[in-house]
$ cat target09.pdb   # PDB, C-alpha atoms, pLDDT in the B column
MODEL        1
ATOM      1  CA  MET F   1     -47.434 -94.512 -32.197  1.00 49.00           C
ATOM      2  CA  LYS F   2     -46.483 -91.639 -34.498  1.00 50.00           C
ATOM      3  CA  PRO F   3     -42.707 -91.035 -34.781  1.00 48.00           C
ATOM      4  CA  ARG F   4     -41.486 -87.722 -33.389  1.00 48.00           C
ATOM      5  CA  ARG F   5     -38.631 -85.582 -34.604  1.00 45.00           C
ATOM      6  CA  VAL F   6     -35.721 -85.051 -32.244  1.00 45.00           C
ATOM      7  CA  ALA F   7     -34.168 -81.565 -32.105  1.00 48.00           C
ATOM      8  CA  ALA F   8     -30.625 -81.085 -30.868  1.00 51.00           C
ATOM      9  CA  ILE F   9     -29.948 -78.301 -28.381  1.00 54.00           C
ATOM     10  CA  PRO F  10     -26.798 -76.286 -29.232  1.00 60.00           C
ATOM     11  CA  ALA F  11     -23.813 -77.475 -27.209  1.00 60.00           C
ATOM     12  CA  LYS F  12     -23.771 -76.098 -23.662  1.00 75.00           C
ATOM     13  CA  ALA F  13     -26.787 -73.881 -24.328  1.00 77.00           C
ATOM     14  CA  ASP F  14     -29.078 -73.055 -21.415  1.00 85.00           C
ATOM     15  CA  PRO F  15     -32.705 -73.094 -22.705  1.00 90.00           C
ATOM     16  CA  GLU F  16     -34.011 -71.263 -19.631  1.00 92.00           C
ATOM     17  CA  VAL F  17     -31.502 -68.437 -20.007  1.00 94.00           C
ATOM     18  CA  GLN F  18     -32.274 -68.201 -23.729  1.00 94.00           C
ATOM     19  CA  GLU F  19     -36.020 -68.058 -23.124  1.00 94.00           C
ATOM     20  CA  LYS F  20     -35.616 -65.339 -20.479  1.00 95.00           C
ATOM     21  CA  TYR F  21     -33.334 -63.294 -22.748  1.00 96.00           C
ATOM     22  CA  LEU F  22     -35.809 -63.562 -25.604  1.00 95.00           C
ATOM     23  CA  ARG F  23     -38.793 -62.604 -23.443  1.00 95.00           C
ATOM     24  CA  GLU F  24     -37.289 -59.872 -21.269  1.00 96.00           C
ATOM     25  CA  ILE F  25     -34.588 -58.285 -23.436  1.00 97.00           C
ATOM     26  CA  LEU F  26     -34.936 -59.034 -27.140  1.00 97.00           C
ATOM     27  CA  ALA F  27     -38.710 -59.074 -27.635  1.00 97.00           C
ATOM     28  CA  PRO F  28     -39.340 -55.582 -26.132  1.00 97.00           C
ATOM     29  CA  LYS F  29     -36.628 -54.037 -28.337  1.00 98.00           C
ATOM     30  CA  LEU F  30     -38.081 -55.692 -31.429  1.00 97.00           C
ATOM     31  CA  GLU F  31     -41.545 -54.363 -30.599  1.00 97.00           C
ATOM     32  CA  GLU F  32     -40.092 -50.853 -30.479  1.00 97.00           C
ATOM     33  CA  ALA F  33     -38.388 -51.471 -33.815  1.00 97.00           C
ATOM     34  CA  LYS F  34     -41.670 -52.584 -35.391  1.00 96.00           C
ATOM     35  CA  ALA F  35     -43.240 -49.337 -34.168  1.00 97.00           C
ATOM     36  CA  GLY F  36     -40.423 -47.281 -35.719  1.00 95.00           C
ATOM     37  CA  GLN F  37     -39.148 -46.167 -32.317  1.00 96.00           C
ATOM     38  CA  ARG F  38     -35.801 -47.998 -32.445  1.00 97.00           C
ATOM     39  CA  ALA F  39     -33.374 -49.575 -34.903  1.00 97.00           C
ATOM     40  CA  VAL F  40     -32.330 -53.114 -34.002  1.00 98.00           C
ATOM     41  CA  PHE F  41     -29.406 -54.800 -35.754  1.00 98.00           C
ATOM     42  CA  PHE F  42     -28.160 -58.372 -35.453  1.00 98.00           C
ATOM     43  CA  VAL F  43     -24.368 -58.515 -35.816  1.00 98.00           C
ATOM     44  CA  ASP F  44     -22.004 -61.366 -36.608  1.00 97.00           C
ATOM     45  CA  ALA F  45     -19.009 -62.085 -38.832  1.00 97.00           C
ATOM     46  CA  SER F  46     -18.834 -64.738 -41.511  1.00 96.00           C
ATOM     47  CA  HIS F  47     -15.458 -65.970 -42.738  1.00 94.00           C
ATOM     48  CA  PHE F  48     -15.811 -67.172 -46.330  1.00 93.00           C
ATOM     49  CA  VAL F  49     -12.934 -69.414 -47.381  1.00 91.00           C
ATOM     50  CA  LEU F  50     -12.064 -69.886 -51.051  1.00 88.00           C
ATOM     51  CA  ALA F  51     -12.746 -73.622 -51.092  1.00 82.00           C
ATOM     52  CA  ALA F  52     -15.310 -76.085 -52.385  1.00 74.00           C
ATOM     53  CA  TYR F  53     -18.916 -75.561 -51.257  1.00 70.00           C
ATOM     54  CA  LEU F  54     -20.538 -78.744 -52.454  1.00 66.00           C
ATOM     55  CA  GLY F  55     -24.201 -79.114 -53.308  1.00 65.00           C
ATOM     56  CA  ILE F  56     -26.192 -82.228 -54.220  1.00 66.00           C
ATOM     57  CA  VAL F  57     -26.766 -83.432 -57.790  1.00 63.00           C
ATOM     58  CA  TRP F  58     -28.587 -86.659 -58.636  1.00 66.00           C
ATOM     59  CA  CYS F  59     -26.989 -88.419 -61.599  1.00 67.00           C
ATOM     60  CA  PHE F  60     -26.322 -91.876 -63.020  1.00 68.00           C
ATOM     61  CA  SER F  61     -22.575 -91.454 -63.395  1.00 74.00           C
ATOM     62  CA  ARG F  62     -19.798 -90.066 -61.263  1.00 73.00           C
ATOM     63  CA  ILE F  63     -19.062 -86.384 -61.878  1.00 69.00           C
ATOM     64  CA  PHE F  64     -15.892 -84.434 -61.137  1.00 69.00           C
ATOM     65  CA  ILE F  65     -16.044 -80.672 -60.772  1.00 68.00           C
ATOM     66  CA  LYS F  66     -13.341 -78.053 -60.403  1.00 69.00           C
ATOM     67  CA  ALA F  67     -12.641 -76.714 -56.931  1.00 69.00           C
ATOM     68  CA  PRO F  68     -10.460 -73.766 -55.836  1.00 68.00           C
ATOM     69  CA  ALA F  69      -6.967 -74.679 -54.707  1.00 66.00           C
ATOM     70  CA  GLY F  70      -6.365 -71.670 -52.460  1.00 67.00           C
ATOM     71  CA  ARG F  71      -7.334 -71.075 -48.843  1.00 79.00           C
ATOM     72  CA  GLN F  72      -7.778 -67.316 -48.982  1.00 91.00           C
ATOM     73  CA  ARG F  73     -10.423 -65.926 -46.664  1.00 93.00           C
ATOM     74  CA  PHE F  74     -12.926 -63.108 -47.174  1.00 95.00           C
ATOM     75  CA  ASN F  75     -14.179 -61.809 -43.825  1.00 97.00           C
ATOM     76  CA  VAL F  76     -17.534 -60.045 -43.684  1.00 97.00           C
ATOM     77  CA  LEU F  77     -18.712 -58.399 -40.479  1.00 98.00           C
ATOM     78  CA  GLY F  78     -22.388 -57.696 -40.996  1.00 97.00           C
ATOM     79  CA  ALA F  79     -25.245 -55.904 -39.244  1.00 98.00           C
ATOM     80  CA  LEU F  80     -28.724 -57.052 -40.283  1.00 96.00           C
ATOM     81  CA  ASN F  81     -31.606 -54.637 -39.759  1.00 95.00           C
ATOM     82  CA  ALA F  82     -34.325 -56.653 -38.025  1.00 95.00           C
ATOM     83  CA  ILE F  83     -37.140 -54.847 -39.854  1.00 93.00           C
ATOM     84  CA  THR F  84     -35.869 -53.850 -43.314  1.00 91.00           C
ATOM     85  CA  LYS F  85     -33.520 -56.871 -43.672  1.00 91.00           C
ATOM     86  CA  GLU F  86     -30.816 -54.602 -45.111  1.00 92.00           C
ATOM     87  CA  VAL F  87     -27.232 -55.523 -44.263  1.00 94.00           C
ATOM     88  CA  VAL F  88     -24.414 -53.099 -43.448  1.00 96.00           C
ATOM     89  CA  THR F  89     -20.926 -54.565 -43.776  1.00 97.00           C
ATOM     90  CA  VAL F  90     -17.240 -54.087 -43.028  1.00 98.00           C
ATOM     91  CA  THR F  91     -14.945 -56.461 -44.906  1.00 97.00           C
ATOM     92  CA  ASN F  92     -11.288 -57.469 -45.145  1.00 96.00           C
ATOM     93  CA  ASP F  93      -9.021 -60.346 -46.182  1.00 94.00           C
ATOM     94  CA  THR F  94      -7.119 -60.655 -42.888  1.00 94.00           C
ATOM     95  CA  TYR F  95      -8.867 -60.734 -39.505  1.00 94.00           C
ATOM     96  CA  ILE F  96     -11.909 -59.220 -37.814  1.00 96.00           C
ATOM     97  CA  THR F  97     -10.897 -57.278 -34.698  1.00 97.00           C
ATOM     98  CA  GLY F  98     -12.399 -54.718 -32.368  1.00 97.00           C
ATOM     99  CA  GLN F  99     -11.361 -52.035 -34.862  1.00 97.00           C
ATOM    100  CA  GLU F 100     -13.698 -53.450 -37.520  1.00 98.00           C
ATOM    101  CA  VAL F 101     -16.528 -53.692 -34.990  1.00 98.00           C
ATOM    102  CA  CYS F 102     -16.052 -50.002 -34.128  1.00 98.00           C
ATOM    103  CA  GLN F 103     -16.100 -49.141 -37.847  1.00 98.00           C
ATOM    104  CA  LEU F 104     -19.386 -50.993 -38.187  1.00 98.00           C
ATOM    105  CA  LEU F 105     -20.877 -49.120 -35.224  1.00 98.00           C
ATOM    106  CA  ASP F 106     -19.827 -45.838 -36.851  1.00 97.00           C
ATOM    107  CA  LYS F 107     -21.712 -46.809 -40.005  1.00 97.00           C
ATOM    108  CA  LEU F 108     -24.841 -47.708 -38.033  1.00 97.00           C
ATOM    109  CA  ALA F 109     -24.737 -44.412 -36.140  1.00 96.00           C
ATOM    110  CA  THR F 110     -24.687 -42.387 -39.372  1.00 95.00           C
ATOM    111  CA  LEU F 111     -27.576 -44.394 -40.850  1.00 92.00           C
ATOM    112  CA  ASN F 112     -29.956 -43.737 -37.969  1.00 79.00           C
ATOM    113  CA  PRO F 113     -29.386 -40.202 -36.612  1.00 85.00           C
ATOM    114  CA  GLY F 114     -31.714 -39.406 -33.732  1.00 88.00           C
ATOM    115  CA  THR F 115     -33.042 -42.969 -33.502  1.00 94.00           C
ATOM    116  CA  PRO F 116     -32.083 -45.224 -30.566  1.00 97.00           C
ATOM    117  CA  ILE F 117     -29.971 -48.150 -31.786  1.00 98.00           C
ATOM    118  CA  SER F 118     -29.668 -51.596 -30.250  1.00 98.00           C
ATOM    119  CA  VAL F 119     -27.136 -54.112 -31.521  1.00 98.00           C
ATOM    120  CA  VAL F 120     -27.549 -57.829 -30.802  1.00 98.00           C
ATOM    121  CA  LEU F 121     -24.256 -59.727 -30.892  1.00 97.00           C
ATOM    122  CA  ASP F 122     -22.471 -62.736 -29.462  1.00 96.00           C
ATOM    123  CA  ASN F 123     -19.583 -62.876 -27.014  1.00 95.00           C
ATOM    124  CA  ALA F 124     -16.675 -63.157 -29.455  1.00 95.00           C
ATOM    125  CA  ARG F 125     -13.608 -61.480 -27.924  1.00 95.00           C
ATOM    126  CA  TYR F 126     -13.344 -58.852 -30.641  1.00 96.00           C
ATOM    127  CA  GLN F 127     -16.950 -57.812 -29.907  1.00 96.00           C
ATOM    128  CA  HIS F 128     -17.179 -58.214 -26.136  1.00 96.00           C
ATOM    129  CA  CYS F 129     -14.168 -56.051 -25.281  1.00 96.00           C
ATOM    130  CA  ALA F 130     -13.553 -52.720 -23.551  1.00 97.00           C
ATOM    131  CA  ARG F 131     -12.695 -50.916 -26.788  1.00 97.00           C
ATOM    132  CA  VAL F 132     -15.985 -51.803 -28.455  1.00 98.00           C
ATOM    133  CA  GLU F 133     -18.069 -51.157 -25.338  1.00 98.00           C
ATOM    134  CA  GLU F 134     -16.516 -47.716 -24.842  1.00 98.00           C
ATOM    135  CA  HIS F 135     -16.998 -46.799 -28.501  1.00 98.00           C
ATOM    136  CA  ALA F 136     -20.638 -47.896 -28.326  1.00 98.00           C
ATOM    137  CA  ARG F 137     -21.144 -45.695 -25.255  1.00 98.00           C
ATOM    138  CA  GLN F 138     -19.697 -42.709 -27.099  1.00 97.00           C
ATOM    139  CA  LEU F 139     -22.081 -43.327 -30.005  1.00 97.00           C
ATOM    140  CA  LYS F 140     -24.985 -44.015 -27.618  1.00 97.00           C
ATOM    141  CA  ILE F 141     -25.502 -47.457 -29.138  1.00 98.00           C
ATOM    142  CA  GLU F 142     -26.874 -50.170 -26.877  1.00 98.00           C
ATOM    143  CA  LEU F 143     -25.056 -53.520 -27.018  1.00 98.00           C
ATOM    144  CA  LEU F 144     -27.213 -56.553 -26.232  1.00 98.00           C
ATOM    145  CA  PHE F 145     -24.889 -59.520 -25.770  1.00 98.00           C
ATOM    146  CA  LEU F 146     -26.533 -62.872 -26.370  1.00 97.00           C
ATOM    147  CA  PRO F 147     -26.363 -65.715 -23.851  1.00 95.00           C
ATOM    148  CA  SER F 148     -23.495 -68.113 -24.523  1.00 92.00           C
ATOM    149  CA  TYR F 149     -24.091 -70.719 -27.244  1.00 91.00           C
ATOM    150  CA  SER F 150     -27.161 -69.005 -28.692  1.00 93.00           C
ATOM    151  CA  PRO F 151     -26.765 -68.807 -32.501  1.00 92.00           C
ATOM    152  CA  ASN F 152     -30.478 -69.617 -32.745  1.00 94.00           C
ATOM    153  CA  LEU F 153     -31.216 -66.153 -31.341  1.00 95.00           C
ATOM    154  CA  ASN F 154     -28.981 -64.292 -33.800  1.00 96.00           C
ATOM    155  CA  LEU F 155     -31.012 -63.518 -36.916  1.00 95.00           C
ATOM    156  CA  ILE F 156     -27.998 -62.862 -39.134  1.00 96.00           C
ATOM    157  CA  GLU F 157     -26.880 -66.498 -38.778  1.00 95.00           C
ATOM    158  CA  ARG F 158     -29.780 -67.422 -41.087  1.00 94.00           C
ATOM    159  CA  PHE F 159     -28.656 -64.765 -43.565  1.00 95.00           C
ATOM    160  CA  TRP F 160     -25.132 -66.164 -43.789  1.00 95.00           C
ATOM    161  CA  LYS F 161     -26.563 -69.614 -44.575  1.00 93.00           C
ATOM    162  CA  TYR F 162     -28.679 -68.008 -47.307  1.00 93.00           C
ATOM    163  CA  VAL F 163     -25.609 -66.319 -48.851  1.00 94.00           C
ATOM    164  CA  LYS F 164     -23.645 -69.568 -48.979  1.00 92.00           C
ATOM    165  CA  LYS F 165     -26.548 -71.416 -50.569  1.00 91.00           C
ATOM    166  CA  GLU F 166     -27.284 -68.638 -53.039  1.00 90.00           C
ATOM    167  CA  CYS F 167     -23.830 -67.947 -54.447  1.00 90.00           C
ATOM    168  CA  LEU F 168     -21.329 -70.551 -53.187  1.00 89.00           C
ATOM    169  CA  TYR F 169     -22.835 -74.045 -53.156  1.00 84.00           C
ATOM    170  CA  SER F 170     -21.929 -75.941 -56.351  1.00 81.00           C
ATOM    171  CA  ARG F 171     -20.195 -72.858 -57.782  1.00 85.00           C
ATOM    172  CA  TYR F 172     -16.646 -72.562 -59.028  1.00 86.00           C
ATOM    173  CA  TYR F 173     -14.723 -69.285 -58.840  1.00 89.00           C
ATOM    174  CA  PRO F 174     -11.268 -69.490 -60.426  1.00 87.00           C
ATOM    175  CA  ALA F 175      -9.959 -66.350 -58.740  1.00 90.00           C
ATOM    176  CA  PHE F 176     -10.261 -64.850 -55.264  1.00 93.00           C
ATOM    177  CA  ALA F 177     -11.435 -61.532 -56.712  1.00 94.00           C
ATOM    178  CA  GLU F 178     -14.389 -63.236 -58.418  1.00 94.00           C
ATOM    179  CA  PHE F 179     -15.177 -65.146 -55.227  1.00 93.00           C
ATOM    180  CA  LYS F 180     -15.303 -61.925 -53.175  1.00 95.00           C
ATOM    181  CA  GLN F 181     -17.359 -60.081 -55.781  1.00 95.00           C
ATOM    182  CA  ALA F 182     -19.963 -62.855 -55.899  1.00 95.00           C
ATOM    183  CA  ILE F 183     -20.403 -62.707 -52.121  1.00 95.00           C
ATOM    184  CA  PHE F 184     -20.497 -58.915 -52.025  1.00 94.00           C
ATOM    185  CA  THR F 185     -23.059 -58.747 -54.860  1.00 94.00           C
ATOM    186  CA  CYS F 186     -25.258 -61.360 -53.205  1.00 93.00           C
ATOM    187  CA  ILE F 187     -25.281 -59.452 -49.916  1.00 93.00           C
ATOM    188  CA  GLU F 188     -25.925 -56.111 -51.600  1.00 91.00           C
ATOM    189  CA  GLN F 189     -28.755 -57.310 -53.859  1.00 89.00           C
ATOM    190  CA  ALA F 190     -30.476 -59.708 -51.453  1.00 87.00           C
ATOM    191  CA  PRO F 191     -32.875 -57.215 -49.765  1.00 80.00           C
ATOM    192  CA  VAL F 192     -34.214 -56.125 -53.184  1.00 80.00           C
ATOM    193  CA  LYS F 193     -33.768 -59.148 -55.435  1.00 79.00           C
ATOM    194  CA  HIS F 194     -35.084 -61.708 -52.930  1.00 75.00           C
ATOM    195  CA  GLN F 195     -37.179 -59.517 -50.675  1.00 77.00           C
ATOM    196  CA  SER F 196     -40.097 -61.922 -50.181  1.00 77.00           C
ATOM    197  CA  LYS F 197     -37.798 -64.891 -49.569  1.00 80.00           C
ATOM    198  CA  LEU F 198     -35.772 -62.990 -46.985  1.00 83.00           C
ATOM    199  CA  HIS F 199     -38.792 -61.696 -45.091  1.00 81.00           C
ATOM    200  CA  SER F 200     -39.923 -65.297 -44.695  1.00 84.00           C
ATOM    201  CA  LEU F 201     -36.469 -66.652 -43.839  1.00 90.00           C
ATOM    202  CA  LEU F 202     -35.630 -63.773 -41.504  1.00 91.00           C
ATOM    203  CA  SER F 203     -38.946 -63.572 -39.682  1.00 90.00           C
ATOM    204  CA  LEU F 204     -38.751 -62.535 -36.029  1.00 89.00           C
ATOM    205  CA  ARG F 205     -39.638 -66.004 -34.813  1.00 88.00           C
ATOM    206  CA  PHE F 206     -36.824 -67.649 -32.907  1.00 89.00           C
ATOM    207  CA  GLN F 207     -36.315 -71.304 -32.101  1.00 80.00           C
ATOM    208  CA  VAL F 208     -36.286 -72.006 -28.400  1.00 77.00           C
ATOM    209  CA  PHE F 209     -35.652 -75.344 -26.738  1.00 67.00           C
ATOM    210  CA  GLU F 210     -37.177 -77.241 -23.875  1.00 64.00           C
ATOM    211  CA  GLN F 211     -34.783 -78.652 -21.314  1.00 58.00           C
ATOM    212  CA  ARG F 212     -35.430 -82.377 -21.641  1.00 49.00           C
ATOM    213  CA  VAL F 213     -33.271 -85.343 -20.852  1.00 43.00           C
ATOM    214  CA  ALA F 214     -33.612 -88.388 -23.077  1.00 45.00           C
ATOM    215  CA  ALA F 215     -34.757 -91.500 -21.249  1.00 42.00           C
TER     216      ALA F 215
ENDMDL
END
$ encode --input "target09.pdb" --output "structure tokens"
Amino acid sequence: MKPRRVAAIPAKADPEVQEKYLREILAPKLEEAKAGQRAVFFVDASHFVLAAYLGIVWCFSRIFIKAPAGRQRFNVLGALNAITKEVVTVTNDTYITGQEVCQLLDKLATLNPGTPISVVLDNARYQHCARVEEHARQLKIELLFLPSYSPNLNLIERFWKYVKKECLYSRYYPAFAEFKQAIFTCIEQAPVKHQSKLHSLLSLRFQVFEQRVAA
């Protein structure tokens, strides 16, 4: 009998709710975006900590590499365009709050005048709050909150993994300023420098799970 791979369902995720959200809410908006009738952005924040991001190196002897000693954090709130793969960001070195989310919505509104905008985002408190919802209403931006525990439906999650692999794994940055610049440059250049790779990585195919109980 051929061995089969086992896939783990994200903790507390509801596969039926995810499948319904994908079919009834997300897919129709993405079809409009493909037709140029709507702009769809996937939003999430990544908190990059100045620490060691280890890769894998095969060698015959033990190797020691330098690692940053600080714990400074570079916060990037990003909005990934589902079609063009461009990323709009708001950044800081402190915390992401509803204020930063509103700033990001302002940027999206100026980029797409006259075009309906839908923003796909999770239920983090600084995103799913009255301040952000009211600001979105004023800008006429539609907020599409994902089902709980659904990172597999948020396209920008794949982008953050790409950024870490591209500029952080097995890299040493002696200063926080260099660390931030490397991340910022990677994000800015990615849609042009690695266009073909990103279009494959960020395809509009989403992993869904079957509700099965192991015997």
$ residues_around --input "target09.pdb" --residues "F:Ala109" --least-positions-apart "3" --cutoff "12 Å" --atoms "all atoms listed in the file" --output "PyMOL selection string"
chain F and resi 39-41+79+88+102-106+112-119+135-142
$ write_last_selection --input "target09.pdb" --atoms "C-alpha atoms" --output "tab-separated table (two decimals), in the frame of the given file"
chain	number	residue	atom	x	y	z
F	39	ALA	CA	-33.37	-49.58	-34.90
F	40	VAL	CA	-32.33	-53.11	-34.00
F	41	PHE	CA	-29.41	-54.80	-35.75
F	79	ALA	CA	-25.24	-55.90	-39.24
F	88	VAL	CA	-24.41	-53.10	-43.45
F	102	CYS	CA	-16.05	-50.00	-34.13
F	103	GLN	CA	-16.10	-49.14	-37.85
F	104	LEU	CA	-19.39	-50.99	-38.19
F	105	LEU	CA	-20.88	-49.12	-35.22
F	106	ASP	CA	-19.83	-45.84	-36.85
F	112	ASN	CA	-29.96	-43.74	-37.97
F	113	PRO	CA	-29.39	-40.20	-36.61
F	114	GLY	CA	-31.71	-39.41	-33.73
F	115	THR	CA	-33.04	-42.97	-33.50
F	116	PRO	CA	-32.08	-45.22	-30.57
F	117	ILE	CA	-29.97	-48.15	-31.79
F	118	SER	CA	-29.67	-51.60	-30.25
F	119	VAL	CA	-27.14	-54.11	-31.52
F	135	HIS	CA	-17.00	-46.80	-28.50
F	136	ALA	CA	-20.64	-47.90	-28.33
F	137	ARG	CA	-21.14	-45.70	-25.26
F	138	GLN	CA	-19.70	-42.71	-27.10
F	139	LEU	CA	-22.08	-43.33	-30.00
F	140	LYS	CA	-24.98	-44.02	-27.62
F	141	ILE	CA	-25.50	-47.46	-29.14
F	142	GLU	CA	-26.87	-50.17	-26.88
$ atom_distance --input "target09.pdb" --atom1 "atom CA of F:Val208" --atom2 "atom CA of F:Gln18"
7.2 Å
$ closest_residue --input "target09.pdb" --among "F:Phe48, F:Tyr21, F:Phe74, F:Phe176" --to "F:Lys161" --atoms "only C-alpha atoms"
F:Phe48
$ resolve_selection --input "target09.pdb" --expression "the PyMOL selection byres ((chain F and resi 193-201) around 12)" --output "PyMOL selection string"
chain F and resi 80-87+155-163+166+185-192+202-206
$ atom_distance --input "target09.pdb" --atom1 "atom CA of F:Gly98" --atom2 "atom CA of F:Val132"
6.1 Å
$ resolve_selection --input "target09.pdb" --expression "the PyMOL selection byres ((chain F and resi 53) around 6)" --output "PyMOL selection string"
chain F and resi 52+54+168-170
$ atom_distance --input "target09.pdb" --atom1 "atom CA of F:Arg125" --atom2 "atom CA of F:Pro28"
26.5 Å
$ closest_residue --input "target09.pdb" --among "F:Glu100, F:Ala130, F:Ile183, F:Leu30" --to "F:Arg171" --atoms "only C-alpha atoms"
F:Ile183
$ closest_residue --input "target09.pdb" --among "F:Lys164, F:Lys34, F:Arg23, F:Arg131" --to "F:Phe184" --atoms "all atoms listed in the file"
F:Lys164
